[in-house]
$ cat data-v1.txt   # compact mmCIF, C-alpha atoms
# COMPACT_ATOMS: atom_id res chain seq x y z
CA MET A 27 -22.04 -9.40 -16.30
CA SER A 28 -21.00 -5.92 -17.47
CA GLY A 29 -20.74 -4.71 -13.87
CA ILE A 30 -18.31 -7.50 -13.05
CA PHE A 31 -16.02 -6.81 -16.02
CA SER A 32 -16.01 -3.05 -15.35
CA ASP A 33 -14.53 -3.51 -11.85
CA VAL A 34 -11.07 -2.02 -11.46
CA ASN A 35 -8.12 -3.23 -9.45
CA PRO A 36 -5.36 -1.15 -7.83
CA PRO A 37 -3.16 0.59 -10.45
CA VAL A 38 0.12 -1.08 -9.53
CA HIS A 39 1.40 -1.57 -13.08
CA ALA A 40 3.81 1.38 -12.92
CA TRP A 41 5.25 0.15 -9.62
CA SER A 42 5.73 -3.38 -10.96
CA THR A 43 7.20 -2.09 -14.25
CA PHE A 44 9.93 -0.14 -12.49
CA ARG A 45 10.66 -3.04 -10.13
CA VAL A 46 11.10 -5.41 -13.11
CA TYR A 47 13.28 -2.82 -14.84
CA LYS A 48 15.60 -2.44 -11.83
CA ILE A 49 15.79 -6.21 -11.23
CA ASP A 50 16.65 -6.78 -14.89
CA GLU A 51 19.29 -4.03 -14.75
CA LYS A 52 20.94 -5.70 -11.76
CA ILE A 53 20.96 -9.12 -13.43
CA ASN A 54 22.26 -7.96 -16.83
CA GLY A 55 24.43 -5.06 -15.74
CA ARG A 56 22.73 -2.51 -18.01
CA PRO A 57 19.31 -0.83 -18.10
CA ASP A 58 16.73 -1.92 -20.67
CA VAL A 59 15.59 1.60 -21.52
CA PRO A 60 13.51 0.59 -24.60
CA PHE A 61 11.45 -1.73 -22.38
CA LEU A 62 10.81 1.01 -19.82
CA GLU A 63 10.00 3.56 -22.51
CA SER A 64 7.62 1.20 -24.31
CA VAL A 65 5.63 0.32 -21.20
CA PHE A 66 5.59 3.97 -20.10
CA GLN A 67 3.55 4.89 -23.19
CA LYS A 68 0.84 2.40 -22.21
CA LEU A 69 0.92 3.53 -18.61
CA LEU A 70 0.21 7.09 -19.76
CA LEU A 71 -3.06 5.90 -21.29
CA ASN A 72 -3.99 4.03 -18.13
CA PHE A 73 -3.21 6.99 -15.86
CA THR A 74 -5.32 9.29 -18.04
CA TRP A 75 -8.22 6.81 -17.92
CA TRP A 76 -8.13 6.84 -14.11
CA VAL A 77 -8.09 10.63 -13.97
CA ASN A 78 -11.02 10.90 -16.40
CA ARG A 79 -13.18 8.07 -15.07
CA LYS A 80 -12.62 7.65 -11.32
CA ASP A 81 -12.39 11.23 -10.06
CA LYS A 82 -16.14 11.81 -9.76
CA ASN A 83 -16.05 15.53 -8.90
CA GLY A 84 -12.76 16.51 -10.52
CA ASN A 85 -11.21 17.30 -7.14
CA ASN A 86 -8.38 14.70 -7.18
CA VAL A 87 -10.24 12.39 -4.77
CA PHE A 88 -10.69 8.98 -6.36
CA GLY A 89 -13.11 6.10 -6.07
CA GLY A 90 -12.84 2.82 -7.91
CA GLY A 91 -15.29 0.52 -6.15
CA PHE A 92 -14.02 -2.64 -4.54
CA LEU A 93 -10.45 -2.12 -5.91
CA GLY A 94 -9.52 -5.76 -5.44
CA LEU A 95 -10.52 -5.77 -1.78
CA ASP A 96 -13.82 -7.55 -2.44
CA ASN A 97 -15.74 -7.61 0.88
CA ILE A 98 -13.49 -5.24 2.88
CA GLY A 99 -16.33 -2.79 3.54
CA ALA A 100 -19.61 -2.92 5.38
CA PHE A 101 -21.38 -2.99 2.01
CA ASP A 102 -20.57 -3.49 -1.66
CA ARG A 103 -18.27 -0.58 -2.52
CA ASN A 104 -19.60 -0.66 -6.09
CA MET A 105 -23.08 0.15 -4.77
CA VAL A 106 -24.92 2.95 -6.58
CA PHE A 107 -26.59 5.05 -3.89
CA LYS A 108 -29.86 6.93 -4.04
CA ASN A 109 -29.97 10.67 -4.75
CA GLY A 110 -26.34 10.96 -5.89
CA ASP A 111 -24.64 9.91 -2.66
CA HIS A 112 -21.18 8.46 -3.35
CA LEU A 113 -18.22 6.87 -1.63
CA GLU A 114 -14.88 8.68 -1.38
CA GLN A 115 -12.21 6.08 -0.79
CA ALA A 116 -9.02 6.43 1.22
CA ASP A 117 -7.48 3.59 -0.77
CA GLY A 118 -8.55 4.82 -4.22
CA THR A 119 -6.98 8.24 -3.65
CA SER A 120 -3.85 6.70 -2.10
CA TRP A 121 -3.38 4.29 -5.00
CA MET A 122 -3.51 7.23 -7.41
CA ALA A 123 -0.95 9.21 -5.40
CA MET A 124 1.27 6.12 -5.54
CA PHE A 125 0.61 5.79 -9.30
CA ALA A 126 1.63 9.42 -9.85
CA LEU A 127 4.84 8.97 -7.87
CA ASN A 128 5.67 5.76 -9.75
CA MET A 129 5.15 7.56 -13.07
CA MET A 130 7.28 10.45 -11.86
CA ARG A 131 10.12 8.08 -10.94
CA ILE A 132 9.93 6.28 -14.32
CA SER A 133 9.98 9.66 -16.09
CA MET A 134 13.03 10.70 -14.10
CA GLU A 135 14.80 7.48 -15.06
CA LEU A 136 13.97 7.99 -18.73
CA SER A 137 15.14 11.60 -18.45
CA LEU A 138 18.62 10.39 -17.57
CA HIS A 139 18.74 8.92 -21.10
CA ASN A 140 16.52 11.41 -22.94
CA PRO A 141 15.96 14.94 -21.51
CA VAL A 142 12.58 15.14 -23.28
CA TYR A 143 11.07 13.12 -20.43
CA GLU A 144 11.86 15.76 -17.83
CA ASP A 145 8.61 17.51 -18.70
CA MET A 146 6.74 14.30 -17.93
CA ALA A 147 8.54 13.98 -14.59
CA ILE A 148 7.41 17.52 -13.74
CA LYS A 149 3.85 16.71 -14.84
CA PHE A 150 3.60 13.69 -12.53
CA PHE A 151 5.30 15.50 -9.66
CA GLU A 152 2.56 18.12 -9.85
CA HIS A 153 -0.13 15.43 -10.21
CA TYR A 154 1.12 13.88 -6.98
CA LEU A 155 1.07 17.26 -5.22
CA TYR A 156 -2.53 17.98 -6.21
CA ILE A 157 -3.73 14.50 -5.19
CA ALA A 158 -1.87 14.72 -1.89
CA GLU A 159 -3.22 18.22 -1.27
CA ALA A 160 -6.78 17.05 -1.95
CA MET A 161 -6.39 14.21 0.52
CA GLU A 162 -4.81 16.56 3.06
CA ASN A 163 -7.61 19.11 2.74
CA ILE A 164 -10.32 16.48 2.96
CA GLY A 165 -8.48 15.02 5.92
CA ASP A 166 -8.77 18.31 7.79
CA ALA A 167 -12.43 18.86 6.95
CA LYS A 168 -15.37 17.70 8.99
CA GLY A 169 -16.15 14.10 8.14
CA GLY A 170 -12.97 13.73 6.05
CA LEU A 171 -10.83 10.72 5.20
CA TRP A 172 -8.49 11.33 8.14
CA ASN A 173 -9.97 10.90 11.60
CA GLU A 174 -7.89 12.93 14.02
CA GLU A 175 -9.41 11.33 17.11
CA ASP A 176 -8.69 7.76 15.96
CA GLY A 177 -5.47 8.57 14.10
CA PHE A 178 -6.58 6.56 11.05
CA PHE A 179 -7.94 6.92 7.52
CA TYR A 180 -11.50 5.85 6.74
CA ASP A 181 -13.74 5.81 3.67
CA VAL A 182 -16.35 8.58 3.66
CA LEU A 183 -19.90 8.44 2.34
CA GLN A 184 -20.57 11.84 0.78
CA LEU A 185 -24.27 12.74 0.84
CA ASN A 186 -25.93 14.84 -1.82
CA ASP A 187 -26.93 17.47 0.75
CA GLY A 188 -23.25 18.26 1.40
CA ASP A 189 -23.00 16.31 4.64
CA SER A 190 -20.80 13.24 5.01
CA ILE A 191 -20.55 10.08 7.08
CA SER A 192 -17.19 8.63 8.11
CA LEU A 193 -17.24 4.82 7.89
CA GLN A 194 -15.09 4.22 10.95
CA LEU A 195 -14.19 0.63 10.12
CA ARG A 196 -10.50 -0.05 10.75
CA SER A 197 -9.27 -2.13 7.83
CA ILE A 198 -6.30 -2.39 5.52
CA VAL A 199 -7.83 0.55 3.62
CA GLY A 200 -6.46 2.87 6.30
CA LEU A 201 -2.90 1.54 5.85
CA ILE A 202 -2.77 1.94 2.06
CA PRO A 203 -1.89 5.69 2.26
CA MET A 204 1.60 4.49 3.34
CA PHE A 205 2.18 3.15 -0.18
CA ALA A 206 2.33 6.63 -1.73
CA VAL A 207 5.96 7.31 -0.83
CA GLU A 208 9.06 8.08 -2.87
CA ILE A 209 12.54 9.17 -1.84
CA ILE A 210 14.56 11.23 -4.32
CA ASP A 211 18.30 11.43 -3.76
CA HIS A 212 20.27 14.59 -4.39
CA GLU A 213 22.49 12.86 -6.96
CA ILE A 214 19.48 12.26 -9.25
CA LEU A 215 18.23 15.82 -8.91
CA GLU A 216 21.66 17.12 -9.95
CA LYS A 217 21.22 15.34 -13.29
CA LEU A 218 17.73 16.79 -13.89
CA PRO A 219 18.11 20.59 -13.78
CA ASN A 220 14.67 21.43 -15.20
CA PHE A 221 12.87 19.14 -12.78
CA THR A 222 14.91 20.48 -9.87
CA LYS A 223 14.25 24.08 -10.90
CA ARG A 224 10.48 23.47 -11.07
CA MET A 225 10.45 21.61 -7.75
CA ASP A 226 12.40 24.38 -6.03
CA TRP A 227 10.01 27.00 -7.46
CA ILE A 228 6.99 25.15 -6.07
CA LEU A 229 8.63 24.69 -2.69
CA LYS A 230 9.35 28.42 -2.48
CA ASN A 231 6.15 29.84 -3.96
CA LYS A 232 3.39 27.42 -3.01
CA PRO A 233 3.68 26.81 0.73
CA GLN A 234 0.48 24.72 0.83
CA LEU A 235 2.16 22.29 -1.57
CA ALA A 236 5.66 22.61 -0.11
CA ASN A 237 4.36 20.97 3.08
CA LEU A 238 3.85 17.78 1.07
CA VAL A 239 7.58 17.44 0.28
CA SER A 240 10.08 17.03 3.11
CA HIS A 241 13.81 17.72 2.79
CA TRP A 242 16.53 16.09 4.83
CA GLU A 243 20.19 17.11 4.67
CA VAL A 244 22.48 14.13 5.14
CA GLU A 245 26.07 14.94 6.00
CA GLY A 246 28.38 13.76 3.26
CA GLN A 247 25.50 12.57 1.08
CA GLY A 248 23.73 15.74 0.02
CA GLY A 249 19.97 15.86 0.46
CA LYS A 250 16.95 13.59 0.25
CA HIS A 251 13.41 14.56 -0.62
CA LEU A 252 10.52 12.62 0.88
CA MET A 253 7.28 12.65 -1.07
CA SER A 254 4.46 11.08 0.92
CA ILE A 255 0.81 11.60 1.75
CA LEU A 256 1.74 11.01 5.38
CA ARG A 257 3.60 13.46 7.54
CA LYS A 258 5.67 12.00 10.36
CA THR A 259 2.97 12.49 13.03
CA ARG A 260 0.24 10.77 11.04
CA LEU A 261 2.53 7.95 9.94
CA THR A 262 3.44 7.27 13.56
CA ARG A 263 -0.21 7.19 14.61
CA ILE A 264 -1.16 4.77 11.82
CA LEU A 265 1.77 2.52 12.67
CA LYS A 266 0.64 2.44 16.29
CA ARG A 267 -2.57 0.75 15.10
CA MET A 268 -0.72 -1.52 12.71
CA ALA A 269 1.74 -2.67 15.41
CA ASP A 270 -1.02 -3.56 17.89
CA GLU A 271 -1.42 -7.32 18.26
CA ASN A 272 -5.01 -6.74 19.37
CA GLU A 273 -5.68 -5.06 16.03
CA PHE A 274 -3.61 -5.67 12.87
CA LEU A 275 -0.36 -7.33 13.94
CA SER A 276 -0.53 -11.13 13.81
CA ASP A 277 2.19 -13.70 14.43
CA PHE A 278 2.09 -14.20 10.66
CA GLY A 279 1.91 -10.65 9.29
CA ILE A 280 -0.62 -7.83 9.03
CA ARG A 281 -4.30 -8.73 9.13
CA SER A 282 -6.66 -7.18 6.61
CA MET A 283 -9.02 -6.02 9.35
CA SER A 284 -8.65 -5.10 13.00
CA LYS A 285 -9.21 -7.96 15.41
CA VAL A 286 -11.25 -5.65 17.69
CA TYR A 287 -14.30 -6.54 15.58
CA ALA A 288 -14.17 -10.15 16.77
CA GLU A 289 -15.75 -9.09 20.08
CA GLU A 290 -17.54 -5.92 18.96
CA PRO A 291 -18.68 -6.09 15.30
CA PHE A 292 -18.89 -2.89 13.27
CA LYS A 293 -22.49 -1.95 12.42
CA PHE A 294 -23.74 0.49 9.81
CA THR A 295 -27.06 1.38 8.17
CA VAL A 296 -27.40 2.82 4.65
CA ASP A 297 -30.50 3.18 2.47
CA GLY A 298 -32.54 1.42 5.13
CA GLN A 299 -30.29 -1.65 5.17
CA ASP A 300 -28.35 -2.80 8.22
CA PHE A 301 -24.83 -4.12 7.72
CA THR A 302 -22.58 -5.89 10.21
CA VAL A 303 -18.86 -6.59 9.85
CA ARG A 304 -17.06 -9.09 12.08
CA TYR A 305 -13.39 -10.00 12.21
CA THR A 306 -13.23 -13.41 10.55
CA PRO A 307 -9.66 -14.75 10.40
CA ALA A 308 -10.34 -17.40 7.78
CA GLU A 309 -13.18 -18.02 5.30
CA SER A 310 -15.70 -15.28 4.60
CA ASP A 311 -19.06 -15.21 6.34
CA SER A 312 -20.38 -12.80 3.70
CA ARG A 313 -21.86 -13.69 0.32
CA MET A 314 -20.67 -10.41 -1.15
CA PHE A 315 -18.88 -11.10 -4.47
CA GLY A 316 -19.90 -14.74 -4.20
CA GLY A 317 -18.43 -15.27 -0.75
CA ASN A 318 -15.24 -16.74 -2.23
CA SER A 319 -12.88 -14.04 -1.00
CA ASN A 320 -12.29 -12.61 2.42
CA TRP A 321 -10.63 -9.35 3.40
CA ARG A 322 -12.21 -9.33 6.85
CA GLY A 323 -9.29 -10.71 8.81
CA PRO A 324 -6.88 -12.93 6.87
CA ILE A 325 -3.32 -12.08 5.85
CA TRP A 326 -2.84 -11.24 2.17
CA PHE A 327 0.68 -11.23 0.75
CA PRO A 328 0.41 -8.44 -1.87
CA ILE A 329 -0.62 -5.88 0.75
CA ASN A 330 1.94 -7.12 3.27
CA PHE A 331 4.70 -7.00 0.67
CA LEU A 332 3.87 -3.37 -0.15
CA ILE A 333 3.76 -2.50 3.57
CA VAL A 334 7.30 -3.87 3.99
CA GLU A 335 8.64 -2.02 0.94
CA SER A 336 6.96 1.25 1.92
CA LEU A 337 8.33 1.14 5.46
CA GLN A 338 11.80 0.44 4.04
CA ARG A 339 11.52 3.67 2.07
CA PHE A 340 10.43 5.60 5.14
CA PHE A 341 13.40 4.17 7.06
CA TYR A 342 15.76 5.19 4.25
CA TYR A 343 14.58 8.75 4.79
CA TYR A 344 14.08 8.96 8.57
CA GLY A 345 16.66 6.49 9.85
CA GLU A 346 16.84 6.46 13.64
CA SER A 347 14.83 9.67 13.95
CA LEU A 348 11.52 7.80 13.63
CA GLN A 349 10.85 5.01 16.11
CA ILE A 350 7.62 3.38 17.21
CA GLU A 351 6.64 1.13 20.08
CA TYR A 352 6.81 -2.31 18.52
CA PRO A 353 4.81 -4.31 19.21
CA ALA A 354 2.42 -1.72 20.62
CA ASN A 355 2.31 -1.66 24.44
CA SER A 356 5.58 -3.63 24.68
CA GLY A 357 7.64 -0.70 25.94
CA GLU A 358 10.23 -1.39 23.20
CA MET A 359 11.00 1.50 20.82
CA ARG A 360 12.17 0.29 17.41
CA ASN A 361 13.21 1.92 14.15
CA LEU A 362 11.45 1.01 10.90
CA ASP A 363 14.33 -1.21 9.80
CA PHE A 364 13.59 -3.45 12.79
CA VAL A 365 9.86 -3.34 12.02
CA THR A 366 10.27 -4.40 8.37
CA THR A 367 12.70 -7.16 9.32
CA ASP A 368 10.29 -8.50 11.93
CA LEU A 369 7.28 -8.27 9.61
CA SER A 370 9.23 -10.20 6.98
CA ARG A 371 10.11 -12.83 9.60
CA ARG A 372 6.45 -13.21 10.58
CA LEU A 373 5.37 -13.58 6.94
CA CYS A 374 8.12 -16.10 6.16
CA SER A 375 7.22 -18.13 9.26
CA ILE A 376 4.00 -19.17 7.50
CA PHE A 377 6.16 -21.45 5.31
CA LYS A 378 8.98 -22.38 7.70
CA ARG A 379 8.91 -25.31 10.08
CA ASP A 380 8.08 -24.39 13.66
CA GLU A 381 9.40 -26.04 16.83
CA ARG A 382 7.12 -29.05 16.15
CA GLY A 383 8.48 -29.45 12.65
CA GLU A 384 5.22 -28.18 11.12
CA ARG A 385 4.62 -25.44 8.56
CA PRO A 386 1.72 -23.18 9.64
CA PHE A 387 0.23 -22.97 6.13
CA ASN A 388 -0.54 -26.71 6.34
CA GLY A 389 -2.98 -26.05 9.17
CA GLY A 390 -1.80 -28.94 11.36
CA ASP A 391 -2.37 -31.60 8.68
CA PRO A 392 -0.08 -34.53 9.68
CA LEU A 393 0.25 -35.86 6.12
CA MET A 394 1.35 -32.51 4.67
CA ASN A 395 3.59 -31.71 7.63
CA HIS A 396 5.40 -35.00 8.23
CA ASN A 397 5.03 -37.42 5.31
CA GLU A 398 8.29 -37.58 3.35
CA HIS A 399 6.42 -37.28 0.04
CA PHE A 400 4.61 -34.06 0.99
CA ARG A 401 6.44 -32.23 3.77
CA ASP A 402 8.93 -30.35 1.56
CA TYR A 403 6.44 -29.05 -1.01
CA MET A 404 5.13 -25.50 -0.74
CA LEU A 405 1.62 -24.32 -1.57
CA PHE A 406 1.08 -20.61 -2.23
CA HIS A 407 -2.43 -20.02 -0.95
CA GLU A 408 -4.49 -16.94 -1.77
CA TYR A 409 -4.52 -15.75 1.82
CA PHE A 410 -3.83 -17.05 5.32
CA ASN A 411 -5.66 -17.36 8.61
CA GLY A 412 -5.00 -14.20 10.60
CA ASP A 413 -4.57 -16.16 13.83
CA THR A 414 -2.98 -19.48 12.82
CA GLY A 415 -1.32 -18.86 9.43
CA LYS A 416 -3.26 -21.71 7.79
CA GLY A 417 -3.48 -21.41 4.00
CA ILE A 418 -6.93 -20.63 2.58
CA GLY A 419 -8.41 -20.22 -0.88
CA ALA A 420 -6.66 -21.18 -4.12
CA SER A 421 -3.49 -23.14 -3.33
CA HIS A 422 -1.41 -22.03 -6.33
CA GLN A 423 -1.59 -18.23 -6.08
CA THR A 424 1.93 -17.73 -7.39
CA GLY A 425 0.91 -14.39 -8.84
CA TRP A 426 1.36 -12.74 -5.45
CA THR A 427 1.97 -15.12 -2.54
CA ALA A 428 5.24 -16.26 -4.14
CA THR A 429 6.63 -12.81 -3.27
CA VAL A 430 7.60 -14.53 -0.03
CA ALA A 431 10.69 -15.62 -2.00
CA LYS A 432 11.84 -11.99 -2.11
CA LEU A 433 11.32 -11.62 1.63
CA LEU A 434 13.36 -14.78 2.25
CA GLN A 435 16.36 -13.37 0.40
CA PRO A 436 19.06 -11.77 2.55
CA THR A 437 19.27 -8.01 2.23
CA ARG A 438 22.40 -7.11 0.29
CA THR A 439 21.71 -3.45 -0.34
CA PRO A 440 21.09 -0.53 2.05
CA LYS A 441 17.52 -0.24 3.28
CA GLY A 442 15.51 1.90 0.90
CA LYS A 443 17.57 0.88 -2.11
CA PHE A 444 15.64 -1.79 -4.00
CA SER A 445 16.97 -4.66 -6.04
$ encode --input "data-v1.txt" --output "structure tokens"
Amino acid sequence: MSGIFSDVNPPVHAWSTFRVYKIDEKINGRPDVPFLESVFQKLLLNFTWWVNRKDKNGNNVFGGGFLGLDNIGAFDRNMVFKNGDHLEQADGTSWMAMFALNMMRISMELSLHNPVYEDMAIKFFEHYLYIAEAMENIGDAKGGLWNEEDGFFYDVLQLNDGDSISLQLRSIVGLIPMFAVEIIDHEILEKLPNFTKRMDWILKNKPQLANLVSHWEVEGQGGKHLMSILRKTRLTRILKRMADENEFLSDFGIRSMSKVYAEEPFKFTVDGQDFTVRYTPAESDSRMFGGNSNWRGPIWFPINFLIVESLQRFFYYYGESLQIEYPANSGEMRNLDFVTTDLSRRLCSIFKRDERGERPFNGGDPLMNHNEHFRDYMLFHEYFNGDTGKGIGASHQTGWTATVAKLLQPTRTPKGKFS
């Protein structure tokens, strides 16, 4: 049982802490700085644990095993390979870049009330840069996380002889690098002179790191800094995959795996074992992790929610200057505001009545859809059929699926500003 309890999940605590802090501030009209400061101390311990335990070679490239995505891969991502081979994960490294940016933003907020925290903001800014640089360098190397031909991120199996194998399985893993994004407004930087001085020094004296921070002058508003693993070209290429209805884009949100594997399954051999991965829109066909969870096709709300929020941040920075064909092959060019609004609509449609008066999550059940005693009650399933929107798994997953309530709320603040 020790292997089960040692599994780690994505480090989203810093992100959720700051979201709760900002929501509470909006409700009560004042920031709860003691709360943020108290949780920040615990987050420091957690961040240090990740750096010490999940960066196998000390090169800012992180693993983490299944990372909450259970059977997303061709094989168990906690597998211990022969002869020191190991898995370098696009999602593990991306989660840590996101973690560093979240910690930086919390430090900056605390610095507005206590200048002592500016040093911590600088520390996490530099952590982000080194993680992003490591991912960028690996992405340019032979067999790296970024595949230039496909325009997508993949996990890489690093062999002990120095060679590597790219696991070219298009899954939600390749979209997670979008989550490592933060926009810093000029007005905040003006209040943090030490942080701004250090950032400017890096941008001037370390060109290899300066490329990881974009600057955009906005007339009448000062400047914005974009911190993201993804440059504009790579982001656009990833979004092209995401917006393809033959791959990730479903009528009900973003699938956890490309639909192309329904007709042509992905096949891979490691340590003499053959593995096959098929797109399965509903229940799992794999016994991995007990067969009670499926990331091989269904729609999961936590990932979709983060996709929407991340794209809102990118829109806040790029505005009309970044547009993609949405849906792919439609001939319609749309900005990211349109994309996030449409994704939210698709996700919310799982729970709304369609033209037949039925809610897709009920899966066509006449009792649940039409009986007066059942039709108005919502169930928050673990995940949803990637083709039909039918609810699957535990029916009371209010820990994440209930985030649909946030998507249902009308937007009252400018895109990129979060409430």
$ residues_near_point --input "data-v1.txt" --point "(2.2, 14.4, -4.4)" --cutoff "9 Å" --atoms "all atoms listed in the file" --output "PyMOL selection string"
chain A and resi 123-124+126-127+150-159+206-207+235+238-239+253-255
$ residues_around --input "data-v1.txt" --residues "Thr295 (chain A)" --least-positions-apart "4" --cutoff "12 Å" --atoms "all atoms listed in the file" --output "MDAnalysis selection string"
chainID A and resid 100:101 183 191 193 299:303
$ write_last_selection --input "data-v1.txt" --atoms "C-alpha atoms" --output "PDB file, keeping the file's coordinate frame"
ATOM      1  CA  ALA A 100     -19.610  -2.920   5.380  1.00  0.00           C
ATOM      2  CA  PHE A 101     -21.380  -2.990   2.010  1.00  0.00           C
ATOM      3  CA  LEU A 183     -19.900   8.440   2.340  1.00  0.00           C
ATOM      4  CA  ILE A 191     -20.550  10.080   7.080  1.00  0.00           C
ATOM      5  CA  LEU A 193     -17.240   4.820   7.890  1.00  0.00           C
ATOM      6  CA  GLN A 299     -30.290  -1.650   5.170  1.00  0.00           C
ATOM      7  CA  ASP A 300     -28.350  -2.800   8.220  1.00  0.00           C
ATOM      8  CA  PHE A 301     -24.830  -4.120   7.720  1.00  0.00           C
ATOM      9  CA  THR A 302     -22.580  -5.890  10.210  1.00  0.00           C
ATOM     10  CA  VAL A 303     -18.860  -6.590   9.850  1.00  0.00           C
TER      11      VAL A 303
END
$ residues_near_point --input "data-v1.txt" --point "(4.0, -32.6, 17.2)" --cutoff "10 Å" --atoms "only C-alpha atoms" --output "list of chain:residue names"
A:Asp380, A:Glu381, A:Arg382, A:Gly383, A:Glu384, A:Gly390, A:Pro392, A:Asn395, A:His396
$ residues_around --input "data-v1.txt" --residues "region 332-335 of chain A" --least-positions-apart "4" --cutoff "8 Å" --atoms "all atoms listed in the file" --output "ChimeraX atom specification"
/A:204-205,328,339,366,369-370,442
$ closest_residue --input "data-v1.txt" --among "A:Leu348, A:Leu218, A:Leu95, A:Ile202" --to "Gly323 (chain A)" --atoms "only C-alpha atoms"
A:Leu95
$ closest_residue --input "data-v1.txt" --among "A:Ile329, A:Leu70, A:Ile350, A:Leu275" --to "Arg372 (chain A)" --atoms "all atoms listed in the file"
A:Leu275
$ atom_distance --input "data-v1.txt" --atom1 "CA of Arg371 (chain A)" --atom2 "CA of Lys52 (chain A)"
25.0 Å
$ closest_residue --input "data-v1.txt" --among "A:Ile325, A:His139, A:Gly417, A:Phe377" --to "Tyr403 (chain A)" --atoms "all atoms listed in the file"
A:Phe377
$ axis_aligned_box --input "data-v1.txt" --around "region 171-180 of chain A" --padding-each-side "5 Å" --output "AutoDock Vina command-line options"
--center_x -8.5 --center_y 9.4 --center_z 11.2 --size_x 16.0 --size_y 17.1 --size_z 21.9
$ atom_distance --input "data-v1.txt" --atom1 "CA of Met161 (chain A)" --atom2 "CA of Ile280 (chain A)"
24.3 Å
$ closest_residue --input "data-v1.txt" --among "A:Leu433, A:Leu256, A:Val199, A:Leu171" --to "Asn97 (chain A)" --atoms "all atoms listed in the file"
A:Val199
$ closest_residue --input "data-v1.txt" --among "A:Arg196, A:Glu289, A:Ser190, A:Glu271" --to "Asp176 (chain A)" --atoms "all atoms listed in the file"
A:Arg196
$ atom_distance --input "data-v1.txt" --atom1 "CA of Asp189 (chain A)" --atom2 "CA of Ile98 (chain A)"
23.6 Å
$ residues_around --input "data-v1.txt" --residues "Phe66 (chain A)" --least-positions-apart "3" --cutoff "9 Å" --atoms "all atoms listed in the file" --output "JSON, numbers by chain"
{"A": [40, 43, 61, 62, 63, 69, 70, 71, 129, 132, 133]}
$ decode --input "data-v1.txt" --residues "region 272-285 of chain A" --atoms "N, CA and C atoms" --output "short mmCIF file (atom, residue, chain, number, x, y, z; two decimals), in the first residue's frame"
data_model
loop_
_atom_site.label_atom_id
_atom_site.label_comp_id
_atom_site.auth_asym_id
_atom_site.auth_seq_id
_atom_site.Cartn_x
_atom_site.Cartn_y
_atom_site.Cartn_z
N ASN A 272 -12.05 16.65 -34.42
CA ASN A 272 -11.62 15.27 -34.66
C ASN A 272 -10.57 14.82 -33.65
N GLU A 273 -10.14 15.77 -32.80
CA GLU A 273 -9.16 15.43 -31.77
C GLU A 273 -9.71 15.72 -30.38
N PHE A 274 -9.50 16.95 -29.85
CA PHE A 274 -9.85 17.23 -28.46
C PHE A 274 -11.20 17.91 -28.27
N LEU A 275 -11.62 18.72 -29.22
CA LEU A 275 -12.82 19.54 -29.02
C LEU A 275 -14.10 18.72 -29.20
N SER A 276 -14.85 18.61 -28.11
CA SER A 276 -16.14 17.91 -28.12
C SER A 276 -17.26 18.94 -28.02
N ASP A 277 -18.48 18.52 -28.28
CA ASP A 277 -19.64 19.40 -28.08
C ASP A 277 -19.78 19.79 -26.62
N PHE A 278 -19.08 19.07 -25.73
CA PHE A 278 -19.26 19.27 -24.29
C PHE A 278 -17.96 19.67 -23.57
N GLY A 279 -16.96 20.10 -24.31
CA GLY A 279 -15.71 20.53 -23.70
C GLY A 279 -14.51 19.89 -24.35
N ILE A 280 -13.40 19.85 -23.62
CA ILE A 280 -12.15 19.31 -24.14
C ILE A 280 -11.95 17.89 -23.63
N ARG A 281 -11.80 16.97 -24.56
CA ARG A 281 -11.56 15.56 -24.21
C ARG A 281 -10.17 15.41 -23.58
N SER A 282 -10.01 14.35 -22.80
CA SER A 282 -8.72 14.10 -22.17
C SER A 282 -7.74 13.38 -23.09
N MET A 283 -8.22 12.90 -24.21
CA MET A 283 -7.34 12.26 -25.19
C MET A 283 -7.90 12.49 -26.58
N SER A 284 -7.00 12.56 -27.56
CA SER A 284 -7.41 12.80 -28.94
C SER A 284 -8.29 11.67 -29.46
N LYS A 285 -9.33 12.06 -30.17
CA LYS A 285 -10.26 11.09 -30.73
C LYS A 285 -9.66 10.30 -31.89
#
